[in-house]
Structures are given as C-alpha cells and as structure tokens.
file final_3.cif (mmCIF, C-alpha atoms)
data_protein
#
loop_
_atom_site.label_atom_id
_atom_site.label_comp_id
_atom_site.auth_asym_id
_atom_site.auth_seq_id
_atom_site.Cartn_x
_atom_site.Cartn_y
_atom_site.Cartn_z
CA MET A 1 -18.26 -9.80 38.06
CA THR A 2 -19.37 -6.22 38.61
CA CYS A 3 -19.18 -3.43 36.06
CA THR A 4 -16.35 -1.87 38.07
CA GLU A 5 -14.41 -5.13 37.97
CA PHE A 6 -15.03 -5.45 34.24
CA LYS A 7 -13.72 -1.96 33.61
CA GLU A 8 -10.57 -2.84 35.54
CA LEU A 9 -9.96 -5.61 33.02
CA VAL A 10 -11.29 -3.94 29.90
CA ALA A 11 -7.88 -2.79 28.63
CA ALA A 12 -6.45 -6.29 28.71
CA TYR A 13 -9.72 -7.67 27.34
CA ALA A 14 -9.52 -5.34 24.34
CA LEU A 15 -5.93 -6.35 23.73
CA GLY A 16 -6.73 -10.04 24.02
CA ALA A 17 -4.28 -10.32 26.91
CA LEU A 18 -6.49 -11.93 29.54
CA GLU A 19 -6.13 -15.46 30.84
CA ALA A 20 -8.85 -17.91 29.86
CA GLY A 21 -10.72 -17.68 33.18
CA GLU A 22 -10.77 -13.88 33.15
CA LEU A 23 -11.85 -13.87 29.54
CA THR A 24 -14.80 -16.14 30.25
CA ALA A 25 -15.82 -14.01 33.20
CA CYS A 26 -15.72 -10.86 31.04
CA ASP A 27 -17.70 -12.48 28.23
CA THR A 28 -20.31 -13.65 30.71
CA HIS A 29 -20.51 -10.19 32.21
CA LEU A 30 -20.90 -8.54 28.79
CA ALA A 31 -23.75 -10.89 27.95
CA ALA A 32 -25.76 -9.44 30.85
CA ALA A 33 -28.46 -6.94 29.95
CA ALA A 34 -27.69 -4.04 32.27
CA HIS A 35 -24.38 -2.22 32.39
CA ASP A 36 -22.82 0.84 33.87
CA GLY A 37 -20.74 2.07 30.95
CA CYS A 38 -19.12 -1.29 30.19
CA ARG A 39 -19.85 -1.25 26.46
CA GLU A 40 -18.66 2.32 26.09
CA ALA A 41 -15.48 1.48 28.00
CA LEU A 42 -14.96 -1.55 25.78
CA ARG A 43 -15.44 0.45 22.60
CA ALA A 44 -12.92 3.06 23.72
CA ALA A 45 -10.43 0.40 24.80
CA GLU A 46 -10.81 -1.50 21.52
CA GLU A 47 -10.11 1.64 19.52
CA ALA A 48 -7.07 2.38 21.66
CA ALA A 49 -5.87 -1.21 21.31
CA LEU A 50 -5.71 -0.73 17.54
CA ALA A 51 -2.99 1.90 17.94
CA PRO A 52 -0.07 -0.47 17.28
CA ALA A 53 -1.69 -1.48 13.99
CA LEU A 54 -2.69 2.01 12.92
CA ALA A 55 0.83 3.27 13.57
CA LEU A 56 2.29 0.93 10.94
CA ALA A 57 2.95 2.17 7.43
CA PRO A 58 0.80 0.26 4.96
CA VAL A 59 2.48 -2.27 2.73
CA ARG A 60 1.27 -2.73 -0.81
CA PRO A 61 0.08 -6.29 -1.42
CA GLY A 62 1.42 -8.10 -4.46
CA ASP A 63 -0.80 -8.30 -7.52
CA GLY A 64 -1.55 -11.94 -6.85
CA VAL A 65 -3.25 -11.26 -3.52
CA TRP A 66 -6.43 -9.80 -4.96
CA LYS A 67 -6.46 -12.28 -7.83
CA GLY A 68 -6.33 -15.10 -5.29
CA ILE A 69 -9.22 -13.58 -3.38
CA GLU A 70 -11.27 -13.26 -6.56
CA ALA A 71 -10.65 -16.85 -7.47
CA LYS A 72 -11.69 -18.08 -4.03
CA MET A 73 -14.68 -15.75 -3.87
CA VAL A 74 -16.25 -17.54 -6.79
CA THR A 75 -15.55 -20.92 -5.24
CA ASN A 76 -16.81 -19.80 -1.86
CA THR A 77 -19.96 -18.33 -3.29
CA ALA A 78 -20.76 -21.43 -5.28
CA THR A 79 -20.06 -23.60 -2.25
CA MET A 80 -22.33 -21.49 -0.07
CA VAL A 81 -25.15 -21.79 -2.58
CA SER A 82 -24.65 -25.51 -2.75
CA GLU A 83 -24.62 -25.85 1.04
CA LYS A 84 -27.75 -23.75 1.39
CA ARG A 85 -29.54 -25.84 -1.17
CA ARG A 86 -28.46 -29.05 0.50
CA ALA A 87 -29.79 -27.67 3.77
CA GLY A 88 -33.12 -27.13 2.05
CA SER A 89 -33.23 -23.46 2.80
CA ARG A 90 -33.67 -20.62 0.38
CA PRO A 91 -30.31 -19.81 -1.19
CA ARG A 92 -28.72 -16.63 0.12
CA TRP A 93 -26.92 -16.11 -3.16
CA THR A 94 -28.93 -15.78 -6.33
CA ARG A 95 -27.65 -16.62 -9.79
CA SER A 96 -27.29 -12.95 -10.55
CA GLN A 97 -25.27 -12.45 -7.37
CA ILE A 98 -22.98 -15.30 -8.33
CA ALA A 99 -22.65 -13.69 -11.73
CA VAL A 100 -21.64 -10.44 -10.06
CA ALA A 101 -19.04 -12.23 -7.97
CA ALA A 102 -17.76 -14.13 -10.97
CA LEU A 103 -17.79 -11.12 -13.27
CA PRO A 104 -14.10 -10.25 -12.94
CA TRP A 105 -13.21 -13.80 -13.89
CA LEU A 106 -15.60 -13.81 -16.81
CA VAL A 107 -14.12 -10.52 -18.00
CA ALA A 108 -10.61 -11.90 -17.61
CA ALA A 109 -11.57 -15.05 -19.49
CA ALA A 110 -13.20 -13.03 -22.25
CA ALA A 111 -10.13 -10.83 -22.49
CA ALA A 112 -7.88 -13.88 -22.71
CA ILE A 113 -10.02 -15.33 -25.49
CA LEU A 114 -9.93 -12.00 -27.29
CA VAL A 115 -6.16 -11.85 -27.04
CA VAL A 116 -5.84 -15.36 -28.41
CA GLN A 117 -8.17 -14.51 -31.25
CA LEU A 118 -6.34 -11.32 -32.02
CA ARG A 119 -3.07 -13.17 -32.09
CA SER A 120 -4.46 -15.68 -34.53
CA THR A 121 -3.82 -13.71 -37.66
CA VAL A 122 -1.42 -11.05 -38.76
CA ALA A 123 -4.32 -9.02 -40.11
CA ASP A 124 -5.97 -8.98 -36.72
CA ARG A 125 -2.72 -8.01 -35.09
CA ASP A 126 -2.24 -5.15 -37.51
CA ARG A 127 -5.80 -4.03 -36.93
CA LEU A 128 -5.14 -3.97 -33.19
CA VAL A 129 -1.97 -1.93 -33.70
CA ARG A 130 -3.92 0.57 -35.79
CA LYS A 131 -6.55 0.83 -33.09
CA LEU A 132 -3.95 1.40 -30.41
CA ALA A 133 -2.34 4.10 -32.51
CA VAL A 134 -5.44 6.25 -32.33
CA VAL A 135 -5.91 5.81 -28.58
CA PRO A 136 -5.04 9.17 -27.03
CA ALA A 137 -2.14 9.37 -24.62
CA LYS A 138 -3.19 9.00 -20.99
CA VAL A 139 -4.32 12.37 -19.71
CA ALA A 140 -3.24 13.36 -16.22
CA THR A 141 -6.13 13.77 -13.83
CA PRO A 142 -6.00 15.32 -10.37
CA ALA A 143 -6.14 11.80 -8.92
CA SER A 144 -3.33 10.44 -11.11
CA GLU A 145 -1.27 13.58 -10.54
CA ALA A 146 -1.76 13.30 -6.78
CA ALA A 147 -0.66 9.68 -6.89
CA ARG A 148 2.43 10.68 -8.87
CA LEU A 149 3.32 13.49 -6.47
CA LEU A 150 2.75 11.35 -3.39
CA GLY A 151 5.30 8.89 -4.71
CA MET A 152 7.96 11.57 -4.96
CA PRO A 153 10.28 12.79 -2.22
CA GLY A 154 9.76 16.38 -1.25
CA THR A 155 5.99 16.38 -1.60
CA LYS A 156 4.19 18.29 1.12
CA VAL A 157 0.70 17.33 2.26
CA MET A 158 -1.12 20.11 4.06
CA THR A 159 -4.57 20.40 5.53
CA MET A 160 -6.08 23.66 4.31
CA ALA A 161 -7.12 25.85 7.21
CA PRO A 162 -10.73 27.07 7.22
CA GLN A 163 -10.82 30.84 7.59
CA GLU A 164 -12.93 32.71 10.06
CA GLY A 165 -16.47 32.98 8.76
CA GLY A 166 -15.54 30.51 6.03
CA VAL A 167 -17.13 27.21 5.14
CA VAL A 168 -17.52 23.80 6.69
CA GLY A 169 -15.50 21.06 5.06
CA HIS A 170 -12.13 19.44 4.76
CA ALA A 171 -9.50 20.14 2.13
CA VAL A 172 -5.93 19.02 1.67
CA ALA A 173 -3.24 20.36 -0.62
CA ILE A 174 -0.58 18.09 -2.11
CA VAL A 175 2.27 20.32 -3.21
CA HIS A 176 5.60 19.73 -4.91
CA THR A 177 7.33 23.02 -5.65
CA GLY A 178 10.13 21.22 -7.54
CA GLN A 179 7.51 19.90 -9.94
CA GLU A 180 5.64 23.22 -9.67
CA MET A 181 2.45 21.26 -9.17
CA ALA A 182 -0.32 21.15 -6.62
CA VAL A 183 -3.47 19.06 -6.28
CA ILE A 184 -6.31 20.01 -3.98
CA PHE A 185 -8.84 17.49 -2.67
CA ALA A 186 -11.87 18.60 -0.71
CA LYS A 187 -14.73 16.83 1.00
CA GLY A 188 -17.85 18.18 2.62
CA LEU A 189 -17.64 21.69 1.20
CA ALA A 190 -21.13 23.11 1.34
CA PRO A 191 -22.53 23.92 -2.10
CA ALA A 192 -23.65 27.52 -2.64
CA PRO A 193 -26.32 28.50 -5.16
CA ASN A 194 -24.83 29.64 -8.46
CA LYS A 195 -21.33 29.57 -7.05
CA ASP A 196 -18.26 27.37 -7.42
CA TYR A 197 -15.12 26.93 -5.37
CA GLN A 198 -12.10 28.46 -7.11
CA LEU A 199 -8.42 27.88 -6.33
CA TRP A 200 -5.91 30.72 -6.19
CA VAL A 201 -2.12 30.62 -6.16
CA ILE A 202 -0.94 33.54 -4.06
CA ASP A 203 2.51 35.07 -4.52
CA GLY A 204 2.74 38.19 -2.38
CA ASP A 205 -0.06 40.50 -3.45
CA VAL A 206 -0.72 38.59 -6.65
CA LYS A 207 -3.61 36.12 -6.62
CA ARG A 208 -3.54 33.96 -9.73
CA PRO A 209 -6.65 31.94 -10.70
CA ALA A 210 -5.72 28.25 -10.64
CA GLY A 211 -8.87 26.36 -11.53
CA MET A 212 -12.30 25.41 -10.31
CA LEU A 213 -12.91 22.53 -7.94
CA ALA A 214 -14.82 19.90 -9.84
CA PRO A 215 -16.65 16.86 -8.51
CA GLY A 216 -14.87 13.56 -9.06
CA ALA A 217 -14.51 10.12 -7.64
CA GLU A 218 -12.40 11.48 -4.79
CA GLY A 219 -14.71 14.33 -3.81
CA MET A 220 -14.02 17.83 -5.15
CA MET A 221 -10.63 18.30 -6.75
CA VAL A 222 -8.45 20.50 -8.87
CA MET A 223 -4.82 20.49 -9.94
CA THR A 224 -2.67 23.40 -10.93
CA SER A 225 0.81 24.14 -12.15
CA GLY A 226 3.01 27.13 -11.37
CA VAL A 227 3.30 26.47 -7.65
CA THR A 228 6.92 27.37 -6.93
CA THR A 229 9.16 28.15 -4.00
CA ALA A 230 8.04 31.76 -4.46
CA THR A 231 4.42 30.80 -3.79
CA ASP A 232 3.17 32.01 -0.43
CA SER A 233 -0.08 30.10 -0.20
CA LEU A 234 -2.96 28.36 -1.92
CA ALA A 235 -6.48 29.49 -1.18
CA LEU A 236 -10.09 28.71 -2.03
CA THR A 237 -12.86 31.24 -2.53
CA LEU A 238 -16.50 30.97 -3.54
CA GLU A 239 -17.00 32.66 -6.87
CA PRO A 240 -19.79 33.01 -9.41
CA LYS A 241 -20.19 29.87 -11.51
CA GLY A 242 -17.32 29.41 -13.93
CA GLY A 243 -14.90 31.44 -11.87
CA MET A 244 -13.47 34.93 -11.93
CA PRO A 245 -10.13 36.42 -13.03
CA ALA A 246 -9.63 37.85 -9.54
CA PRO A 247 -11.22 36.82 -6.24
CA THR A 248 -14.46 38.59 -5.40
CA GLY A 249 -15.16 36.71 -2.18
CA PRO A 250 -13.17 36.15 1.00
CA LEU A 251 -10.66 33.33 1.28
CA VAL A 252 -12.51 30.36 2.80
CA MET A 253 -9.62 27.89 3.05
CA VAL A 254 -5.89 28.54 2.99
CA ALA A 255 -2.75 26.39 2.88
CA SER A 256 0.35 28.38 3.72
CA LEU A 257 3.51 27.20 1.98
CA ARG A 258 5.73 29.32 4.20
CA MET B 1 -19.70 12.43 -6.10
CA VAL B 2 -19.90 11.09 -2.58
CA LEU B 3 -17.44 8.47 -1.46
CA VAL B 4 -19.05 5.31 -0.14
CA ASP B 5 -18.07 4.82 3.46
CA ASP B 6 -16.68 1.58 4.81
CA ALA B 7 -19.94 0.48 6.40
CA GLY B 8 -21.69 1.02 3.08
CA LEU B 9 -19.14 -1.17 1.34
CA VAL B 10 -19.59 -3.91 3.94
CA ALA B 11 -23.35 -3.73 3.43
CA ARG B 12 -22.87 -4.12 -0.31
CA ALA B 13 -20.43 -6.98 0.20
CA ALA B 14 -23.10 -8.66 2.29
CA ARG B 15 -25.27 -8.55 -0.82
CA ALA B 16 -22.51 -10.33 -2.77
CA ASP B 17 -21.25 -7.21 -4.50
CA ALA B 18 -17.69 -8.16 -5.40
CA SER B 19 -16.77 -4.58 -6.30
CA ALA B 20 -17.53 -3.56 -2.70
CA LEU B 21 -15.07 -6.12 -1.38
CA ARG B 22 -12.55 -4.79 -3.86
CA GLY B 23 -13.18 -1.32 -2.45
CA LEU B 24 -12.55 -2.56 1.08
CA PHE B 25 -9.44 -4.36 -0.12
CA GLU B 26 -8.05 -1.23 -1.73
CA ARG B 27 -8.67 0.79 1.40
CA HIS B 28 -7.54 -1.67 4.03
CA ALA B 29 -5.29 -4.36 2.53
CA GLY B 30 -2.17 -2.24 2.97
CA ARG B 31 -2.74 -1.87 6.69
CA ALA B 32 -3.79 -5.49 7.06
CA LEU B 33 -0.65 -6.64 5.28
CA ALA B 34 1.50 -4.42 7.49
CA VAL B 35 -0.04 -6.01 10.59
CA ALA B 36 0.29 -9.56 9.27
CA LEU B 37 3.86 -8.91 8.19
CA ARG B 38 4.80 -7.50 11.56
CA ILE B 39 3.39 -10.58 13.27
CA LEU B 40 4.52 -13.27 10.84
CA ARG B 41 7.73 -11.74 9.45
CA SER B 42 7.11 -13.59 6.22
CA ARG B 43 5.77 -11.83 3.14
CA ALA B 44 4.28 -14.98 1.62
CA GLU B 45 2.48 -16.00 4.80
CA ALA B 46 1.33 -12.46 5.47
CA GLU B 47 -0.21 -12.20 2.01
CA GLU B 48 -1.98 -15.52 2.55
CA VAL B 49 -3.40 -14.14 5.79
CA VAL B 50 -4.62 -11.03 3.99
CA GLN B 51 -6.36 -13.23 1.44
CA GLU B 52 -7.96 -15.27 4.22
CA THR B 53 -8.99 -12.07 5.98
CA PHE B 54 -10.85 -10.64 3.00
CA LEU B 55 -12.45 -13.97 2.21
CA GLU B 56 -13.68 -14.08 5.80
CA ILE B 57 -15.06 -10.56 5.37
CA TRP B 58 -16.79 -11.75 2.18
CA ARG B 59 -18.36 -14.65 4.06
CA ARG B 60 -19.22 -12.76 7.23
CA ALA B 61 -20.15 -9.32 5.92
CA ARG B 62 -23.73 -9.84 7.07
CA GLU B 63 -22.52 -10.28 10.64
CA TYR B 64 -20.78 -6.91 10.79
CA ASP B 65 -22.34 -4.71 13.46
CA ALA B 66 -21.35 -1.06 13.29
CA ALA B 67 -22.52 -0.59 16.89
CA ARG B 68 -19.67 -2.83 18.03
CA GLY B 69 -16.90 -0.94 16.28
CA GLY B 70 -15.57 0.47 13.03
CA VAL B 71 -14.78 -1.44 9.88
CA THR B 72 -11.04 -0.75 10.15
CA GLY B 73 -10.95 -2.36 13.58
CA TRP B 74 -13.05 -5.28 12.40
CA ILE B 75 -10.78 -6.02 9.46
CA LEU B 76 -7.54 -5.56 11.38
CA THR B 77 -8.81 -7.72 14.23
CA ILE B 78 -9.65 -10.56 11.84
CA CYS B 79 -6.25 -10.21 10.22
CA ARG B 80 -4.37 -10.04 13.51
CA THR B 81 -6.21 -13.05 14.93
CA ARG B 82 -5.45 -15.12 11.86
CA ALA B 83 -1.80 -14.10 11.86
CA ILE B 84 -1.36 -14.88 15.55
CA ASP B 85 -3.11 -18.22 15.07
CA ARG B 86 -0.54 -19.04 12.40
CA VAL B 87 2.33 -18.12 14.69
CA ARG B 88 0.89 -20.32 17.40
CA ALA B 89 0.41 -23.15 14.93
CA ARG B 90 4.02 -23.11 13.93
CA ALA B 91 5.87 -25.92 15.59
CA SER B 92 8.99 -23.86 15.38
CA ALA B 93 8.90 -20.23 14.52
CA THR B 94 10.99 -19.52 11.46
CA ARG B 95 11.20 -15.84 11.75
CA VAL B 96 13.19 -13.89 9.27
CA ALA B 97 14.72 -11.14 11.29
CA GLY B 98 14.21 -7.71 9.90
CA ALA B 99 11.83 -8.78 7.14
CA ALA B 100 9.22 -6.28 8.18
CA ALA B 101 11.70 -3.46 8.47
CA ALA B 102 12.91 -4.18 4.97
CA GLU B 103 9.46 -3.72 3.46
CA PRO B 104 9.12 -0.39 1.76
CA GLU B 105 6.40 1.94 2.77
CA ALA B 106 3.92 2.02 -0.07
CA PRO B 107 0.63 3.75 -0.48
CA ALA B 108 -2.04 1.09 -0.67
CA ALA B 109 -5.23 3.03 -0.21
CA ALA B 110 -7.92 3.35 -2.83
CA SER B 111 -7.42 7.01 -3.54
CA PRO B 112 -4.92 9.76 -2.82
CA LEU B 113 -7.36 11.42 -0.44
CA GLU B 114 -7.81 8.19 1.51
CA GLU B 115 -4.07 7.74 1.52
CA ILE B 116 -3.62 11.22 2.92
CA GLU B 117 -6.25 10.59 5.59
CA GLN B 118 -4.58 7.32 6.53
CA ARG B 119 -1.23 9.05 6.68
CA GLN B 120 -2.58 11.78 8.93
CA GLU B 121 -4.24 9.22 11.18
CA ARG B 122 -1.03 7.21 11.31
CA GLU B 123 0.98 10.24 12.35
CA ARG B 124 -1.60 11.02 15.03
CA VAL B 125 -1.45 7.47 16.40
CA GLN B 126 2.34 7.40 16.25
CA ALA B 127 2.43 10.65 18.19
CA ALA B 128 0.09 9.19 20.81
CA LEU B 129 2.21 6.05 21.14
CA THR B 130 5.38 8.08 21.64
CA THR B 131 3.82 9.73 24.67
CA LEU B 132 3.72 6.37 26.44
CA PRO B 133 6.62 5.33 28.65
CA VAL B 134 8.74 2.68 26.93
CA GLU B 135 7.59 -0.02 29.35
CA GLN B 136 3.92 0.66 28.64
CA ARG B 137 4.46 0.70 24.91
CA LYS B 138 6.33 -2.57 25.13
CA VAL B 139 3.55 -4.43 26.92
CA ILE B 140 1.02 -3.15 24.38
CA GLU B 141 3.14 -4.34 21.48
CA LEU B 142 3.82 -7.72 23.05
CA ALA B 143 0.11 -8.23 23.55
CA TYR B 144 -0.94 -6.92 20.15
CA PHE B 145 1.72 -8.31 17.85
CA GLU B 146 2.69 -11.48 19.69
CA GLY B 147 -0.66 -12.30 21.19
CA LEU B 148 0.82 -12.71 24.67
CA SER B 149 -1.38 -12.72 27.75
CA GLN B 150 -0.45 -10.53 30.68
CA THR B 151 0.99 -13.57 32.46
CA GLN B 152 3.12 -14.43 29.44
CA ILE B 153 4.29 -10.82 29.18
CA ALA B 154 5.33 -10.91 32.82
CA GLU B 155 7.27 -14.11 32.16
CA ARG B 156 8.88 -12.62 29.06
CA THR B 157 9.89 -9.33 30.65
CA GLY B 158 10.60 -10.56 34.15
CA ASP B 159 8.25 -7.99 35.63
CA ALA B 160 5.66 -8.72 38.29
CA LEU B 161 2.23 -9.64 36.93
CA GLY B 162 0.66 -6.76 38.83
CA THR B 163 3.09 -4.35 37.21
CA VAL B 164 2.23 -5.65 33.75
CA LYS B 165 -1.49 -5.32 34.44
CA THR B 166 -1.04 -1.75 35.60
CA ARG B 167 1.02 -0.88 32.52
CA VAL B 168 -1.58 -2.37 30.18
CA ARG B 169 -4.38 -0.46 31.85
CA LEU B 170 -2.52 2.86 31.99
CA ALA B 171 -1.38 2.56 28.38
CA ILE B 172 -4.83 1.80 26.99
CA ASP B 173 -6.43 4.50 29.14
CA LYS B 174 -3.95 7.08 27.90
CA LEU B 175 -4.28 6.03 24.26
CA ALA B 176 -8.06 6.09 24.53
CA ALA B 177 -7.91 9.62 25.88
CA LEU B 178 -5.46 10.80 23.22
CA LEU B 179 -7.19 9.12 20.29
CA ARG B 180 -10.68 10.18 21.21
CA PRO B 181 -12.28 11.97 18.23
CA GLY B 182 -11.64 15.68 18.39
CA VAL B 183 -8.49 15.40 20.49
CA THR B 184 -5.36 16.76 18.82
CA SER B 185 -2.18 14.96 19.80
#

call {"tool": "encode", "arguments": {"input": "final_3.cif", "output": "structure tokens"}}
result
Amino acid sequence: MTCTEFKELVAAYALGALEAGELTACDTHLAAAAHDGCREALRAAEEAALAPALALAPVRPGDGVWKGIEAKMVTNTATMVSEKRRAGSRPRWTRSQIAVAALPWLVAAAAAILVVQLRSTVADRDRLVRKLAVVPAKVATPASEAARLLGMPGTKVMTMAPQEGGVVGHAVAIVHTGQEMAVIFAKGLAPAPNKDYQLWVIDGDVKRPAGMLAPGAEGMMVMTSGVTTATDSLALTLEPKGGMPAPTGPLVMVASLR
Amino acid sequence: MVLVDDAGLVARAARADASALRGLFERHAGRALAVALRILRSRAEAEEVVQETFLEIWRRAREYDAARGGVTGWILTICRTRAIDRVRARASATRVAGAAAAEPEAPAAASPLEEIEQRQERERVQAALTTLPVEQRKVIELAYFEGLSQTQIAERTGDALGTVKTRVRLAIDKLAALLRPGVTS
C-alpha cells in the first residue's frame, strides 16, 4: 500500500469502518518507517471521527459508578503486584502506591467505624450534635455559585472578549440576571507586577467595582452580585494591588450583556 | 493555581495515583457515559462499560502516548470499543427505544470552567456536524455508534459501497477541516 492509498482509506480507518483485509493492509503500512503525511492525516481523521461523541451532552454517572471503580482498583492493583511477584520481576506497584490506591477505602472504612462508635452511646451522639452545631453554614464560593447558576434555566455563559491592546488569556462570564449574580473564571491571564485583575459591573456610564480575581482551584475567579437586566457589560481591568474604587486602566476583557 | 492537564493526570495515574484517575473520571465520565448509553441504550450496561473503561485506563495509563492523540479521544475510544463489543456479544439486542433520549443532560465535568469549555466544544462540534449533508452524517453515525463497516453500512442503507466510501471520506475530511484548532465554525 502506498501513502496515497492509505490516505484514501484513512477516514474509514479512523472510524473503524474498514473490512478486515483493508484494516490489516493499513496497519502494515503504518508500521513502515517512512511516510508522506500518513500519521498527520490519521491524527486529523481520528480527531474528526470523535465528532459524534463530542456532540453528545454528557450524562452524569450514578454515585455507584466511581465507588465500583475504586473497589476494583484496589483488587486490580493487588492482583498486578501478585502477578509481578509470581513472574519474578520487580513489582511495578509499591506498598505505598497500593496504600494510595486503597486510601479512599481506608478512609471510608475508618469513617464507618467512627459512625458506629459515635452511635454507640447517647453521650457520643450528643457530643456529635454539639460539634455539628458550631460548624459554620456552607459559604458560597465562586465555584459553588457557578455550579448553582449553571443548573438554572436562563443562565448565560459568555466568553469575555479581549480588548485591543489588552491581555492574553481566556475568561468566561456566567451570568443570571434573575438571580442578579455573575461568576467570572479566567485562565492564562498574564500576571503584572504589583497589579491585580479587577471586575467591574458597567451600567451606562457607571462602572461599579465588583471584586478582585483571586487564584483558586479553577484558575482565577470572582463572583459578584448586582448584575441585573440593566447591566450593560462586565469588564476586567488591571489595577494596583487590592483594587481601586474606579478603573484607572483600560478595559482588558469585556462581556457584553446586551 | 494551575489546573493539571489531562496528560498530567494520566502520567500520575500511571504512577498509581488514585486521585488522578478520579480527576480523569470527573472530567470525562459524563462524555463516556453519553457515548456508551447511545450505543447500548441501557443505563446499567453503559455504567458498567464506563467502569470498565476507567479500570482499563488505570491498568494501561503507562501505555498512553500523547503523540498518538489526546486523552479525550483515548478514553472515548476505549469506551466506544467496549460498548460496541458488548452490542456484538449480545445474542439478541434488547434495545430500549428512546432510553438515551430520555436521559437528562447533566453537567459531569470536574469544575464549572471545564464544564463551560466542554459545552463550548460541544456546540462547536454540533455546528460542524450540522454542516454535513444528512447522508454523510448518517454514515458517520452508523460507523461510530453501531460499529458498522462500510460494507455493512451499504447493506443497511441500500446505497452502493462506493457511494458509502465517498460519503465517509468527504464527511471526515470536512469535519477535520472545520474542527482544526483555530477554525471557528
């Protein structure tokens, strides 16, 4: 098979739609050392062939799916160690690695034991209740607020547009004017010495300070209230550390709500 | 804080880091389940396939080669292959019509930002697929979701084999052009 012939078949190859004979011929061809763009063509075709999958809306797995994986991970890991040892080779998995894999189960087991122990006496139960009473109510974070908004109808998700002469990076605004809330997530915003990114809620000529982007598990983020149907846009500027009452720098990213 | 990319999570999973597999699961299980459900039309079986998929990733993480493709493709390909194998293994397909359509859309990604990125990517891919003629889209879906060869597609649709081959090639070529990084649909 020539490279030209392979590239004629590469679409069906990527989709897994070739007959056995054609498939073998393609595999044999790919195993050859020299190619004229065959691997690049295959990579592009494989990415395109994923389109039917990537077009599907994700479906949340039931809680038991991950638990089942965890349970089998421990078994698998132990089995692999055992097989390696039987084969006389150096084990791939160390005891500490097995411990890491088994950790969720150990934690769960410990928690179960704790619950049983706490249930054992009324005094313990009362003590637990007292402890729970002083646990503060769950505080909304940008991540939890974003998750809440994304689950609500009417939430808009907008990519913030970099402004001319602005900064490199990617930011999205999650906005629900009915809830009067917005959450901004940003990635790849270049840090500037002694400066922070500040969010502004813009209603006409009024630019209201709406918080500083702070690093978090999701990248940089900030949430703000007071985003209503009267709000024209949300914007980011670079301001002296700690922020300013009014913008001193140009708008670097903007999400228009109009 | 910098998010760990998929390849980094696979590398950590290869070192038996269970939290890395959990990270991959949170990012990709929703898509994997959607694919398995579309193929199998059974929630219980689809969830079993997702479990098998992530256990296979756990076992084979060391074999992952970023030069051969992205992590999303790797995971979805494992999942799809396992789901299609199950369909083929069924002596008689007991499909529950409409099961997939009845599943609610649910965010399944690890973080809101990832969910947003997945949503934007999904909309981009959906837009690309809608540019295909119906016949081209159909052959792609028959191949992807039912695991049919071009010959089997021709038998199923009643079209000439040459026509099916042309449709497959044109569809993949067009999708590749539309989904190339940097191209806006």

call {"tool": "closest_residue", "arguments": {"input": "final_3.cif", "among": "A:Ile69, A:Val10, A:Leu238, A:Leu18", "to": "A:Asp196", "atoms": "all atoms listed in the file"}}
result
A:Leu238

call {"tool": "atom_distance", "arguments": {"input": "final_3.cif", "atom1": "atom CA of B:Arg119", "atom2": "atom CA of A:Ala147"}}
result
13.6 Å

call {"tool": "closest_residue", "arguments": {"input": "final_3.cif", "among": "A:Leu251, A:Met221, A:Ala192, A:Ile202", "to": "chain B", "atoms": "all atoms listed in the file"}}
result
A:Met221

call {"tool": "interface_residues", "arguments": {"input": "final_3.cif", "of": "chain B", "to": "chain A", "cutoff": "6 Å", "atoms": "all atoms listed in the file", "output": "list in words"}}
result
Met1, Ala16, Ala18, Gly30, Arg31, Leu33, Ala34, Val35, Gln51, Glu105, Ala106, Ala108, Pro112, Arg122, Val125, Gln126, Ala143, Ser149, Gln150, Arg169, Ile172, Leu175 and Ala176 of chain B

call {"tool": "atom_distance", "arguments": {"input": "final_3.cif", "atom1": "atom CA of B:Asp65", "atom2": "atom CA of A:Thr2"}}
result
25.4 Å

call {"tool": "atom_distance", "arguments": {"input": "final_3.cif", "atom1": "atom CA of A:Glu164", "atom2": "atom CA of A:Pro240"}}
result
20.6 Å

call {"tool": "closest_residue", "arguments": {"input": "final_3.cif", "among": "A:Thr177, A:Asn194, A:Thr229, A:Gln163", "to": "A:Val254", "atoms": "all atoms listed in the file"}}
result
A:Gln163

call {"tool": "closest_residue", "arguments": {"input": "final_3.cif", "among": "B:Asp173, B:Glu63, B:Glu26, B:Glu117", "to": "B:Ile140", "atoms": "only C-alpha atoms"}}
result
B:Asp173

call {"tool": "resolve_selection", "arguments": {"input": "final_3.cif", "expression": "the PyMOL selection byres ((chain A and resi 242-245) around 7)", "output": "VMD selection string"}}
result
chain A and resid 196 198 209 212 239 to 241 246 to 247

call {"tool": "closest_residue", "arguments": {"input": "final_3.cif", "among": "A:Thr141, A:Thr155, A:Ser256, A:Thr237", "to": "B:Ile116", "atoms": "only C-alpha atoms"}}
result
A:Thr155

call {"tool": "resolve_selection", "arguments": {"input": "final_3.cif", "expression": "the PyMOL selection byres ((chain B and resi 153) around 10)", "output": "list in words"}}
result
Ala17 of chain A; Lys138, Val139, Ile140, Leu142, Ala143, Glu146, Gly147, Leu148, Ser149, Gln150, Thr151, Gln152, Ala154, Glu155, Arg156, Thr157, Gly158, Asp159, Ala160, Leu161, Val164 and Lys165 of chain B

call {"tool": "closest_residue", "arguments": {"input": "final_3.cif", "among": "B:Val168, B:Gln120, B:Arg38, B:Leu55", "to": "B:Arg22", "atoms": "only C-alpha atoms"}}
result
B:Leu55

call {"tool": "build_atoms", "arguments": {"input": "final_3.cif", "residues": "stretch 28-35 of chain B", "atoms": "N, CA, C and O atoms", "output": "short mmCIF file (atom, residue, chain, number, x, y, z; two decimals), keeping the file's coordinate frame"}}
result
data_model
loop_
_atom_site.label_atom_id
_atom_site.label_comp_id
_atom_site.auth_asym_id
_atom_site.auth_seq_id
_atom_site.Cartn_x
_atom_site.Cartn_y
_atom_site.Cartn_z
N HIS B 28 -8.04 -1.10 2.78
CA HIS B 28 -7.54 -1.67 4.03
C HIS B 28 -6.46 -2.75 3.88
O HIS B 28 -5.86 -3.13 4.88
N ALA B 29 -6.24 -3.25 2.67
CA ALA B 29 -5.29 -4.36 2.53
C ALA B 29 -3.88 -3.93 2.93
O ALA B 29 -3.12 -4.74 3.48
N GLY B 30 -3.52 -2.69 2.64
CA GLY B 30 -2.17 -2.24 2.97
C GLY B 30 -1.90 -2.28 4.47
O GLY B 30 -0.85 -2.72 4.92
N ARG B 31 -2.88 -1.83 5.22
CA ARG B 31 -2.74 -1.87 6.69
C ARG B 31 -2.76 -3.32 7.18
O ARG B 31 -2.01 -3.69 8.08
N ALA B 32 -3.68 -4.10 6.62
CA ALA B 32 -3.79 -5.49 7.06
C ALA B 32 -2.48 -6.23 6.78
O ALA B 32 -2.00 -6.98 7.64
N LEU B 33 -1.91 -5.96 5.61
CA LEU B 33 -0.65 -6.64 5.28
C LEU B 33 0.47 -6.18 6.22
O LEU B 33 1.31 -6.99 6.64
N ALA B 34 0.48 -4.91 6.56
CA ALA B 34 1.50 -4.42 7.49
C ALA B 34 1.40 -5.13 8.84
O ALA B 34 2.41 -5.52 9.44
N VAL B 35 0.16 -5.31 9.30
CA VAL B 35 -0.04 -6.01 10.59
C VAL B 35 0.40 -7.47 10.48
O VAL B 35 1.15 -7.98 11.33
#
